[in-house]
file my_file-v8.cif (mmCIF, C-alpha atoms)
data_target
loop_
_atom_site.label_atom_id
_atom_site.label_comp_id
_atom_site.auth_asym_id
_atom_site.auth_seq_id
_atom_site.Cartn_x
_atom_site.Cartn_y
_atom_site.Cartn_z
CA MET I 221 -10.17 -26.67 13.31
CA GLY I 222 -12.94 -27.19 10.75
CA ASN I 223 -13.26 -24.65 7.97
CA PRO I 224 -10.84 -21.75 8.56
CA LYS I 225 -12.26 -18.25 8.35
CA PRO I 226 -11.26 -16.25 5.26
CA PRO I 227 -9.04 -13.20 5.73
CA VAL I 228 -10.46 -9.70 5.42
CA ALA I 229 -9.94 -8.55 1.83
CA VAL I 230 -8.49 -5.09 1.15
CA TYR I 231 -8.67 -4.11 -2.52
CA ILE I 232 -5.73 -1.88 -3.39
CA LYS I 233 -6.63 0.56 -6.17
CA ASP I 234 -3.58 0.29 -8.41
CA PHE I 235 -0.34 -1.60 -8.86
CA ASN I 236 1.73 1.43 -7.76
CA SER I 237 0.12 1.29 -4.33
CA PHE I 238 0.43 -2.48 -4.12
CA ALA I 239 4.19 -2.43 -4.85
CA ARG I 240 4.56 0.34 -2.26
CA PHE I 241 2.50 -1.60 0.28
CA ALA I 242 4.59 -4.73 -0.17
CA LEU I 243 8.10 -3.31 -0.43
CA ALA I 244 8.46 0.38 0.48
CA LEU I 245 10.30 1.18 3.72
CA THR I 246 10.76 -2.45 4.75
CA ASP I 247 13.63 -4.87 5.31
CA SER I 248 11.29 -7.88 5.49
CA PRO I 249 9.52 -8.37 2.14
CA PRO I 250 6.33 -10.45 2.24
CA LEU I 251 5.48 -13.55 0.26
CA LEU I 252 3.21 -12.65 -2.68
CA TRP I 253 0.45 -15.00 -3.82
CA CYS I 254 -0.68 -15.13 -7.46
CA PHE I 255 -3.69 -17.01 -8.78
CA LYS I 256 -6.45 -16.91 -11.38
CA HIS I 257 -10.13 -16.64 -10.54
CA ASN I 258 -13.02 -15.94 -12.92
CA ARG I 259 -10.50 -15.32 -15.72
CA LYS I 260 -8.78 -12.60 -13.73
CA ILE I 261 -5.28 -12.59 -12.24
CA PHE I 262 -4.89 -11.64 -8.60
CA LEU I 263 -1.71 -10.78 -6.72
CA GLY I 264 -1.91 -10.48 -2.96
CA ALA I 265 -0.05 -10.36 0.33
CA PHE I 266 -0.98 -11.46 3.84
CA THR I 267 -0.61 -9.28 6.87
CA VAL I 268 -2.31 -9.11 10.26
CA TYR I 269 -3.60 -6.49 12.64
CA MET I 270 -3.42 -7.21 16.33
CA SER I 271 -6.97 -6.77 17.55
CA TRP I 272 -8.96 -6.90 20.76
CA LYS I 273 -8.68 -10.66 21.04
CA GLY I 274 -6.39 -12.46 18.63
CA ASP I 275 -5.28 -11.07 15.27
CA VAL I 276 -7.35 -10.13 12.22
CA PRO I 277 -5.78 -11.51 9.01
CA ILE I 278 -5.76 -9.26 5.94
CA PHE I 279 -5.42 -10.24 2.31
CA ALA I 280 -4.38 -7.07 0.49
CA TYR I 281 -4.61 -7.59 -3.25
CA VAL I 282 -4.53 -6.04 -6.69
CA LYS I 283 -5.72 -7.25 -10.10
CA LEU I 284 -3.20 -7.77 -12.90
CA LYS I 285 -3.58 -7.73 -16.67
CA GLU I 286 -0.98 -10.44 -17.24
CA LYS I 287 0.91 -13.12 -15.33
CA PRO I 288 3.78 -11.68 -13.21
CA GLY I 289 7.41 -12.81 -13.08
CA PRO I 290 8.98 -14.73 -10.19
CA PHE I 291 9.92 -11.59 -8.21
CA LEU I 292 8.66 -8.06 -7.70
CA ALA I 293 11.49 -5.49 -7.53
CA TYR I 294 11.07 -2.03 -5.97
CA LYS I 295 12.96 1.10 -4.95
CA SER I 296 12.04 4.71 -4.20
CA ASP I 297 15.33 6.57 -3.76
CA LEU I 298 15.41 8.50 -7.05
CA GLU I 299 12.98 11.00 -8.60
CA LYS I 300 10.08 8.58 -8.33
CA GLU I 301 9.25 4.99 -7.46
CA GLU I 302 10.53 2.16 -9.65
CA TYR I 303 9.07 -1.35 -9.70
CA TYR I 304 8.96 -4.23 -12.13
CA PHE I 305 8.75 -8.01 -12.34
CA THR I 306 12.01 -9.89 -12.78
CA ASP I 307 13.42 -13.42 -12.79
CA ASN I 308 16.48 -12.60 -10.64
CA ILE I 309 17.43 -10.65 -7.52
CA GLU I 310 21.00 -9.64 -8.43
CA ASP I 311 20.58 -5.85 -8.51
CA THR I 312 21.17 -4.80 -4.90
CA ARG I 313 19.70 -1.35 -5.48
CA TYR I 314 16.23 -2.91 -5.23
CA VAL I 315 14.30 -4.85 -2.63
CA TYR I 316 12.47 -7.96 -3.82
CA ALA I 317 9.39 -9.96 -2.92
CA PRO I 318 9.10 -13.59 -4.11
CA ILE I 319 5.91 -14.61 -5.92
CA ILE I 320 4.36 -18.06 -5.73
CA THR I 321 1.79 -19.03 -8.36
CA LEU I 322 -1.07 -21.22 -7.19
CA LYS I 323 -2.50 -23.93 -9.42
CA GLU I 324 -5.87 -23.28 -7.79
CA PRO I 325 -6.69 -20.69 -5.11
CA PRO I 326 -7.75 -22.10 -1.74
CA LYS I 327 -11.32 -21.72 -0.59
CA ILE I 328 -10.44 -19.04 1.96
CA PHE I 329 -9.10 -16.77 -0.80
CA ILE I 330 -12.25 -17.15 -2.91
CA GLU I 331 -14.48 -16.47 0.08
CA SER I 332 -12.34 -13.46 0.97
CA LEU I 333 -12.88 -11.99 -2.51
CA GLU I 334 -16.55 -12.86 -2.97
CA LYS I 335 -18.21 -12.78 0.45
CA LYS I 336 -18.61 -10.31 3.26
CA PRO I 337 -15.73 -10.50 5.71
CA PRO I 338 -16.23 -12.43 8.95
CA SER I 339 -17.59 -10.26 11.72
CA PHE I 340 -14.90 -8.69 13.88
CA LYS I 341 -14.79 -5.87 16.37
CA LYS I 342 -13.47 -2.81 14.59
CA PRO I 343 -10.78 -0.54 16.03
CA MET I 344 -11.66 2.49 18.09
CA GLY I 345 -11.64 5.58 15.87
CA ILE I 346 -9.78 8.76 16.84
CA LYS I 347 -9.85 11.79 14.56
CA LEU I 348 -6.68 13.88 14.63
CA ASP I 349 -6.36 17.62 14.11
CA SER I 350 -3.78 17.31 11.33
CA LEU I 351 -1.32 15.09 9.47
CA HIS I 352 1.39 16.56 11.69
CA SER I 353 -0.09 14.70 14.67
CA MET I 354 -0.25 11.50 12.63
CA MET I 355 3.39 11.77 11.59
CA ARG I 356 4.48 12.38 15.19
CA LEU I 357 2.63 9.20 16.15
CA LEU I 358 4.13 7.19 13.27
CA TYR I 359 7.62 8.45 14.01
CA LEU I 360 7.39 7.29 17.62
CA VAL I 361 5.77 3.92 16.88
CA SER I 362 8.07 3.15 13.95
CA SER I 363 11.13 3.91 16.08
CA ARG I 364 9.93 1.50 18.76
CA GLU I 365 8.55 -1.28 16.56
CA PHE I 366 11.08 -1.03 13.69
CA THR I 367 8.24 -1.30 11.19
CA SER I 368 6.49 1.03 8.76
CA PHE I 369 2.75 1.25 9.29
CA PRO I 370 0.90 2.04 6.04
CA VAL I 371 -1.25 5.15 5.83
CA TRP I 372 -4.48 4.09 4.12
CA ARG I 373 -6.04 6.62 1.75
CA PHE I 374 -9.63 6.19 0.59
CA LYS I 375 -12.66 8.25 -0.29
CA LYS I 376 -15.79 8.41 1.83
CA LYS I 377 -18.69 10.85 1.46
CA LYS I 378 -16.79 13.05 -1.03
CA LYS I 379 -13.82 13.44 1.32
CA TYR I 380 -10.49 11.70 1.46
CA ILE I 381 -9.57 9.90 4.63
CA LEU I 382 -5.95 9.24 5.54
CA GLY I 383 -5.64 6.85 8.43
CA VAL I 384 -3.41 4.37 10.20
CA CYS I 385 -4.32 1.50 12.50
CA ILE I 386 -2.08 1.16 15.57
CA PRO I 387 -2.50 -1.51 18.28
CA PHE I 388 -1.70 -0.67 21.90
CA GLU I 389 -0.87 -4.01 23.47
CA HIS I 390 -2.17 -5.54 26.73
CA TYR I 391 -5.37 -3.60 27.39
CA TYR I 392 -7.22 -5.09 30.39
CA GLU I 393 -8.39 -8.58 29.35
CA SER I 394 -7.80 -7.83 25.66
CA ASN I 395 -4.66 -8.58 23.68
CA ALA I 396 -4.60 -5.00 22.45
CA LEU I 397 -6.54 -1.77 22.07
CA PRO I 398 -6.56 -1.22 18.27
CA VAL I 399 -7.00 2.43 17.31
CA PHE I 400 -7.65 3.84 13.84
CA PHE I 401 -6.18 7.35 13.80
CA TYR I 402 -7.35 9.45 10.86
CA VAL I 403 -7.80 12.88 9.30
CA ASN I 404 -10.34 14.14 6.75
CA LEU I 405 -9.07 16.09 3.76
CA ARG I 406 -10.98 17.55 0.82
CA LYS I 407 -8.37 17.45 -1.95
CA PRO I 408 -5.00 16.15 -0.76
CA PRO I 409 -2.11 15.81 -3.23
CA LEU I 410 -2.15 12.20 -4.44
CA GLU I 411 1.53 11.56 -3.83
CA PRO I 412 2.83 8.19 -2.59
CA PHE I 413 4.70 9.35 0.54
CA LEU I 414 4.58 11.76 3.43
CA LYS I 415 7.94 13.07 4.64
CA TYR I 416 8.54 14.64 8.02
CA HIS I 417 11.44 16.47 9.64
CA THR I 418 12.02 18.71 12.63
CA SER I 419 14.78 21.23 13.26
CA ARG I 420 15.67 23.76 15.92
CA PHE I 421 15.34 26.68 13.52
CA GLU I 422 12.35 25.67 11.38
CA GLY I 423 10.30 23.46 13.69
CA GLU I 424 8.19 20.82 11.99
CA ASN I 425 8.37 20.28 8.24
CA LEU I 426 5.76 18.02 6.61
CA GLU I 427 5.46 17.51 2.85
CA TYR I 428 4.07 15.11 0.28
CA SER I 429 6.75 13.36 -1.75
CA LYS I 430 7.22 11.16 -4.83
CA ASN I 431 10.25 9.40 -3.37
CA THR I 432 12.24 8.65 -0.22
CA SER I 433 15.58 10.01 -1.43
CA ASP I 434 16.29 12.66 1.22
CA THR I 435 17.67 10.75 4.18
CA LYS I 436 17.16 13.53 6.72
CA PHE I 437 13.38 12.97 6.55
CA PHE I 438 11.19 10.33 8.17
CA TYR I 439 8.78 8.79 5.62
CA ALA I 440 5.37 7.17 5.71
CA LYS I 441 3.95 5.29 2.74
CA ILE I 442 0.43 6.04 1.52
CA ILE I 443 -1.65 3.17 0.13
CA ASP I 444 -4.74 3.90 -1.99
CA VAL I 445 -7.58 1.44 -1.43
CA LYS I 446 -11.13 1.13 -2.75
CA GLU I 447 -12.56 0.76 0.75
CA MET I 448 -11.15 0.30 4.22
CA PRO I 449 -13.04 -2.39 6.16
CA PHE I 450 -11.22 -1.44 9.38
CA PHE I 451 -12.50 2.12 9.37
CA PRO I 452 -14.84 2.58 12.36
CA ASP I 453 -18.08 3.94 10.85
#

call {"tool": "encode", "arguments": {"input": "my_file-v8.cif", "output": "C-alpha coordinates"}}
result
Amino acid sequence: MGNPKPPVAVYIKDFNSFARFALALTDSPPLLWCFKHNRKIFLGAFTVYMSWKGDVPIFAYVKLKEKPGPFLAYKSDLEKEEYYFTDNIEDTRYVYAPIITLKEPPKIFIESLEKKPPSFKKPMGIKLDSLHSMMRLLYLVSSREFTSFPVWRFKKKKKYILGVCIPFEHYYESNALPVFFYVNLRKPPLEPFLKYHTSRFEGENLEYSKNTSDTKFFYAKIIDVKEMPFFPD
(Lines of atoms letter the chains of each structure in order from A and count residues from 1; the text may use other names and numbers.)
(Lines give C-alpha, C1' and ligand atoms only; values in the text may rest on other atoms or scores of the structure.)
Protein backbone atom coordinates (compact mmCIF):
# COMPACT_ATOMS: atom_id res chain seq x y z
CA MET A 1 0.00 0.00 0.00
CA GLY A 2 3.01 2.32 0.17
CA ASN A 3 2.97 5.06 2.78
CA PRO A 4 -0.42 5.15 4.54
CA LYS A 5 -2.14 8.51 4.80
CA PRO A 6 -2.18 10.07 8.27
CA PRO A 7 -5.52 10.44 10.04
CA VAL A 8 -7.18 13.83 10.37
CA ALA A 9 -6.14 15.32 13.72
CA VAL A 10 -8.78 16.82 16.02
CA TYR A 11 -7.28 18.70 18.97
CA ILE A 12 -9.58 18.42 21.97
CA LYS A 13 -9.31 21.49 24.20
CA ASP A 14 -9.12 19.89 27.63
CA PHE A 15 -8.92 16.55 29.38
CA ASN A 16 -12.54 16.81 30.59
CA SER A 17 -13.74 16.80 26.99
CA PHE A 18 -11.36 14.01 26.01
CA ALA A 19 -12.57 11.69 28.79
CA ARG A 20 -16.16 12.50 27.79
CA PHE A 21 -15.39 11.86 24.11
CA ALA A 22 -13.83 8.49 24.86
CA LEU A 23 -16.17 7.10 27.51
CA ALA A 24 -19.42 9.03 28.02
CA LEU A 25 -22.63 7.33 26.86
CA THR A 26 -20.88 4.30 25.37
CA ASP A 27 -20.73 0.56 26.00
CA SER A 28 -17.73 0.11 23.67
CA PRO A 29 -14.71 2.00 25.04
CA PRO A 30 -11.96 2.78 22.52
CA LEU A 31 -8.30 1.89 22.70
CA LEU A 32 -6.27 4.93 23.83
CA TRP A 33 -2.79 5.60 22.44
CA CYS A 34 -0.13 7.38 24.50
CA PHE A 35 3.22 8.59 23.23
CA LYS A 36 5.82 11.32 23.59
CA HIS A 37 6.71 13.78 20.85
CA ASN A 38 8.82 16.93 21.14
CA ARG A 39 8.93 16.46 24.93
CA LYS A 40 5.15 16.49 25.16
CA ILE A 41 2.80 13.65 26.10
CA PHE A 42 -0.13 12.92 23.81
CA LEU A 43 -3.16 10.75 24.50
CA GLY A 44 -5.45 9.97 21.59
CA ALA A 45 -8.22 7.78 20.22
CA PHE A 46 -9.07 6.64 16.72
CA THR A 47 -12.50 6.93 15.21
CA VAL A 48 -13.84 7.19 11.67
CA TYR A 49 -16.50 9.10 9.80
CA MET A 50 -18.20 7.39 6.90
CA SER A 51 -17.71 9.75 4.00
CA TRP A 52 -18.61 10.07 0.34
CA LYS A 53 -16.27 7.29 -0.71
CA GLY A 54 -14.60 5.25 1.99
CA ASP A 55 -14.10 6.42 5.58
CA VAL A 56 -12.12 9.37 6.93
CA PRO A 57 -9.98 8.34 9.93
CA ILE A 58 -9.79 10.74 12.87
CA PHE A 59 -7.16 10.95 15.57
CA ALA A 60 -8.77 12.89 18.42
CA TYR A 61 -6.15 13.82 21.00
CA VAL A 62 -5.28 15.83 24.07
CA LYS A 63 -1.97 16.86 25.63
CA LEU A 64 -1.07 15.62 29.12
CA LYS A 65 1.24 17.04 31.77
CA GLU A 66 2.35 13.62 33.02
CA LYS A 67 2.32 9.98 31.97
CA PRO A 68 -1.12 8.33 32.44
CA GLY A 69 -1.95 5.06 34.18
CA PRO A 70 -2.95 1.84 32.40
CA PHE A 71 -6.67 2.69 32.28
CA LEU A 72 -8.90 5.75 32.10
CA ALA A 73 -12.00 5.46 34.34
CA TYR A 74 -15.13 7.58 33.82
CA LYS A 75 -18.71 8.05 35.00
CA SER A 76 -21.27 10.86 34.86
CA ASP A 77 -24.22 9.70 36.96
CA LEU A 78 -23.71 11.92 40.03
CA GLU A 79 -23.52 15.71 40.44
CA LYS A 80 -20.76 16.00 37.87
CA GLU A 81 -18.40 13.93 35.76
CA GLU A 82 -15.71 11.83 37.43
CA TYR A 83 -12.61 10.52 35.66
CA TYR A 84 -9.15 9.40 36.67
CA PHE A 85 -6.30 7.11 35.70
CA THR A 86 -6.12 3.75 37.45
CA ASP A 87 -4.24 0.45 37.35
CA ASN A 88 -7.36 -1.75 37.75
CA ILE A 89 -10.92 -2.03 36.46
CA GLU A 90 -12.61 -3.54 39.53
CA ASP A 91 -15.04 -0.72 40.36
CA THR A 92 -18.11 -1.50 38.24
CA ARG A 93 -19.55 1.97 38.73
CA TYR A 94 -17.13 3.24 36.08
CA VAL A 95 -16.46 2.49 32.44
CA TYR A 96 -12.82 2.04 31.43
CA ALA A 97 -10.64 2.55 28.39
CA PRO A 98 -7.29 0.70 28.15
CA ILE A 99 -4.18 2.75 27.37
CA ILE A 100 -1.22 1.46 25.38
CA THR A 101 2.06 3.36 25.61
CA LEU A 102 4.13 3.53 22.44
CA LYS A 103 7.92 3.37 22.56
CA GLU A 104 7.96 5.62 19.50
CA PRO A 105 4.95 7.10 17.68
CA PRO A 106 4.45 5.89 14.10
CA LYS A 107 5.04 8.24 11.22
CA ILE A 108 1.32 8.66 10.52
CA PHE A 109 0.76 10.07 14.02
CA ILE A 110 3.58 12.60 13.66
CA GLU A 111 2.32 13.68 10.25
CA SER A 112 -1.20 13.95 11.64
CA LEU A 113 0.01 16.35 14.36
CA GLU A 114 2.44 18.42 12.31
CA LYS A 115 1.12 18.59 8.74
CA LYS A 116 -2.05 19.66 7.03
CA PRO A 117 -4.56 16.83 6.82
CA PRO A 118 -4.86 14.91 3.54
CA SER A 119 -7.39 16.45 1.21
CA PHE A 120 -10.88 15.01 1.58
CA LYS A 121 -14.32 16.06 0.51
CA LYS A 122 -16.00 17.72 3.46
CA PRO A 123 -19.56 16.96 4.56
CA MET A 124 -22.49 18.94 3.29
CA GLY A 125 -23.38 21.65 5.81
CA ILE A 126 -26.94 22.20 7.02
CA LYS A 127 -27.72 24.94 9.53
CA LEU A 128 -30.56 24.13 11.91
CA ASP A 129 -33.02 26.55 13.49
CA SER A 130 -32.29 25.41 17.05
CA LEU A 131 -30.72 22.81 19.32
CA HIS A 132 -34.17 21.26 19.64
CA SER A 133 -33.96 20.15 16.00
CA MET A 134 -30.48 18.75 16.60
CA MET A 135 -31.62 16.74 19.61
CA ARG A 136 -34.58 15.32 17.68
CA LEU A 137 -32.13 14.20 15.01
CA LEU A 138 -29.70 12.69 17.54
CA TYR A 139 -32.49 10.91 19.38
CA LEU A 140 -33.66 9.22 16.19
CA VAL A 141 -30.19 8.32 14.90
CA SER A 142 -28.95 7.11 18.28
CA SER A 143 -32.00 4.88 18.68
CA ARG A 144 -31.35 3.30 15.28
CA GLU A 145 -27.56 3.06 15.40
CA PHE A 146 -27.15 2.35 19.14
CA THR A 147 -24.32 4.86 19.30
CA SER A 148 -23.80 8.33 20.73
CA PHE A 149 -22.68 10.88 18.17
CA PRO A 150 -20.57 13.65 19.76
CA VAL A 151 -21.71 17.26 19.48
CA TRP A 152 -18.61 19.27 18.59
CA ARG A 153 -18.35 22.73 20.14
CA PHE A 154 -15.86 25.26 18.78
CA LYS A 155 -15.50 28.97 18.21
CA LYS A 156 -15.51 30.58 14.79
CA LYS A 157 -15.76 34.30 14.01
CA LYS A 158 -16.67 35.20 17.61
CA LYS A 159 -19.56 32.73 17.69
CA TYR A 160 -19.83 29.24 19.09
CA ILE A 161 -20.80 26.47 16.74
CA LEU A 162 -22.40 23.28 18.01
CA GLY A 163 -22.53 20.61 15.36
CA VAL A 164 -22.76 16.91 14.67
CA CYS A 165 -21.69 14.93 11.62
CA ILE A 166 -24.18 12.26 10.51
CA PRO A 167 -23.70 9.96 7.49
CA PHE A 168 -26.71 8.88 5.43
CA GLU A 169 -25.62 5.63 3.84
CA HIS A 170 -25.89 4.53 0.18
CA TYR A 171 -26.26 7.81 -1.70
CA TYR A 172 -26.16 7.19 -5.47
CA GLU A 173 -22.63 5.98 -6.31
CA SER A 174 -21.28 7.19 -2.95
CA ASN A 175 -20.95 5.13 0.21
CA ALA A 176 -22.77 7.84 2.14
CA LEU A 177 -23.98 11.42 2.15
CA PRO A 178 -22.17 12.94 5.17
CA VAL A 179 -23.98 15.95 6.62
CA PHE A 180 -22.68 18.37 9.25
CA PHE A 181 -25.74 19.71 11.09
CA TYR A 182 -25.02 22.78 13.20
CA VAL A 183 -26.32 25.84 15.03
CA ASN A 184 -24.65 29.18 15.80
CA LEU A 185 -24.84 30.50 19.35
CA ARG A 186 -23.34 33.65 20.85
CA LYS A 187 -22.80 32.63 24.47
CA PRO A 188 -24.00 29.10 25.22
CA PRO A 189 -23.56 27.64 28.71
CA LEU A 190 -20.34 25.63 28.64
CA GLU A 191 -21.80 22.50 30.19
CA PRO A 192 -20.72 19.00 29.12
CA PHE A 193 -24.12 17.55 28.14
CA LEU A 194 -27.42 18.36 26.52
CA LYS A 195 -30.45 16.57 27.94
CA TYR A 196 -33.76 16.19 26.14
CA HIS A 197 -37.20 14.93 27.12
CA THR A 198 -40.73 15.12 25.79
CA SER A 199 -44.03 14.72 27.61
CA ARG A 200 -47.71 14.99 26.79
CA PHE A 201 -48.22 17.87 29.20
CA GLU A 202 -45.02 19.89 28.79
CA GLY A 203 -43.93 19.14 25.23
CA GLU A 204 -40.21 19.35 24.57
CA ASN A 205 -37.75 19.99 27.38
CA LEU A 206 -34.12 20.76 26.47
CA GLU A 207 -31.47 21.75 29.02
CA TYR A 208 -27.73 21.88 29.52
CA SER A 209 -26.47 19.49 32.18
CA LYS A 210 -23.36 18.64 34.21
CA ASN A 211 -24.26 14.95 34.42
CA THR A 212 -26.40 12.14 33.00
CA SER A 213 -28.07 11.11 36.26
CA ASP A 214 -31.74 11.60 35.37
CA THR A 215 -32.70 8.50 33.42
CA LYS A 216 -35.89 9.94 31.94
CA PHE A 217 -33.80 12.20 29.68
CA PHE A 218 -31.96 11.47 26.45
CA TYR A 219 -28.39 12.86 26.55
CA ALA A 220 -25.86 14.10 24.02
CA LYS A 221 -22.23 14.71 24.95
CA ILE A 222 -20.56 17.99 23.99
CA ILE A 223 -16.87 17.92 23.05
CA ASP A 224 -14.84 21.16 23.03
CA VAL A 225 -12.24 21.30 20.26
CA LYS A 226 -9.76 23.92 19.09
CA GLU A 227 -10.91 23.62 15.48
CA MET A 228 -13.19 21.30 13.55
CA PRO A 229 -11.62 20.22 10.24
CA PHE A 230 -14.91 18.65 9.12
CA PHE A 231 -16.85 21.89 9.32
CA PRO A 232 -17.90 22.91 5.79
CA ASP A 233 -16.60 26.49 5.38

call {"tool": "axis_aligned_box", "arguments": {"input": "my_file-v8.cif", "around": "region 444-451 of chain I", "padding_each_side": "4 Å", "output": "lines of an AutoDock Vina configuration file"}}
result
center_x = -8.9
center_y = 0.8
center_z = 3.3
size_x = 16.3
size_y = 14.3
size_z = 20.1

call {"tool": "resolve_selection", "arguments": {"input": "my_file-v8.cif", "expression": "the PyMOL selection byres ((chain I and resi 245) around 12)", "output": "ChimeraX atom specification"}}
result
/I:239-244,246-249,294-297,301,314-315,362,366-370,413,431-433,438-442

call {"tool": "residues_around", "arguments": {"input": "my_file-v8.cif", "residues": "Ile386 (chain I)", "least_positions_apart": "5", "cutoff": "9 Å", "atoms": "only C-alpha atoms", "output": "NGL selection string"}}
result
:I and (269-270 or 343 or 358 or 361 or 369 or 397-401)

call {"tool": "atom_distance", "arguments": {"input": "my_file-v8.cif", "atom1": "CA of Phe329 (chain I)", "atom2": "CA of Val230 (chain I)"}}
result
11.9 Å

call {"tool": "resolve_selection", "arguments": {"input": "my_file-v8.cif", "expression": "the PyMOL selection byres ((chain I and resi 373-383) around 6)", "output": "ChimeraX atom specification"}}
result
/I:371-372,384,401-406,443-445

call {"tool": "resolve_selection", "arguments": {"input": "my_file-v8.cif", "expression": "the PyMOL selection byres ((chain I and resi 424) around 12)", "output": "number ranges by chain"}}
result
I: 351-353, 355-356, 415-423, 425-427, 437-438

call {"tool": "atom_distance", "arguments": {"input": "my_file-v8.cif", "atom1": "CA of Asp275 (chain I)", "atom2": "CA of Lys446 (chain I)"}}
result
22.5 Å

call {"tool": "closest_residue", "arguments": {"input": "my_file-v8.cif", "among": "I:Ser339, I:Ser363, I:Asn258, I:Ser350", "to": "Glu324 (chain I)", "atoms": "all atoms listed in the file"}}
result
I:Asn258

call {"tool": "closest_residue", "arguments": {"input": "my_file-v8.cif", "among": "I:Trp272, I:Met448, I:Met354, I:Tyr303", "to": "Phe388 (chain I)", "atoms": "all atoms listed in the file"}}
result
I:Trp272

call {"tool": "atom_distance", "arguments": {"input": "my_file-v8.cif", "atom1": "CA of Leu348 (chain I)", "atom2": "CA of Tyr231 (chain I)"}}
result
24.9 Å

call {"tool": "residues_around", "arguments": {"input": "my_file-v8.cif", "residues": "Val228 (chain I)", "least_positions_apart": "3", "cutoff": "6 Å", "atoms": "all atoms listed in the file", "output": "PyMOL selection string"}}
result
chain I and resi 278-279+337

call {"tool": "closest_residue", "arguments": {"input": "my_file-v8.cif", "among": "I:Glu331, I:Lys287, I:Glu447, I:Leu322", "to": "Lys233 (chain I)", "atoms": "all atoms listed in the file"}}
result
I:Glu447

call {"tool": "closest_residue", "arguments": {"input": "my_file-v8.cif", "among": "I:Lys347, I:Lys283, I:Lys225, I:Lys336", "to": "Phe255 (chain I)", "atoms": "only C-alpha atoms"}}
result
I:Lys283

call {"tool": "closest_residue", "arguments": {"input": "my_file-v8.cif", "among": "I:Leu284, I:Val276, I:Leu357, I:Ile320", "to": "Lys260 (chain I)", "atoms": "all atoms listed in the file"}}
result
I:Leu284

call {"tool": "closest_residue", "arguments": {"input": "my_file-v8.cif", "among": "I:Ser332, I:Phe451, I:Ser429, I:Ser271", "to": "Pro224 (chain I)", "atoms": "only C-alpha atoms"}}
result
I:Ser332
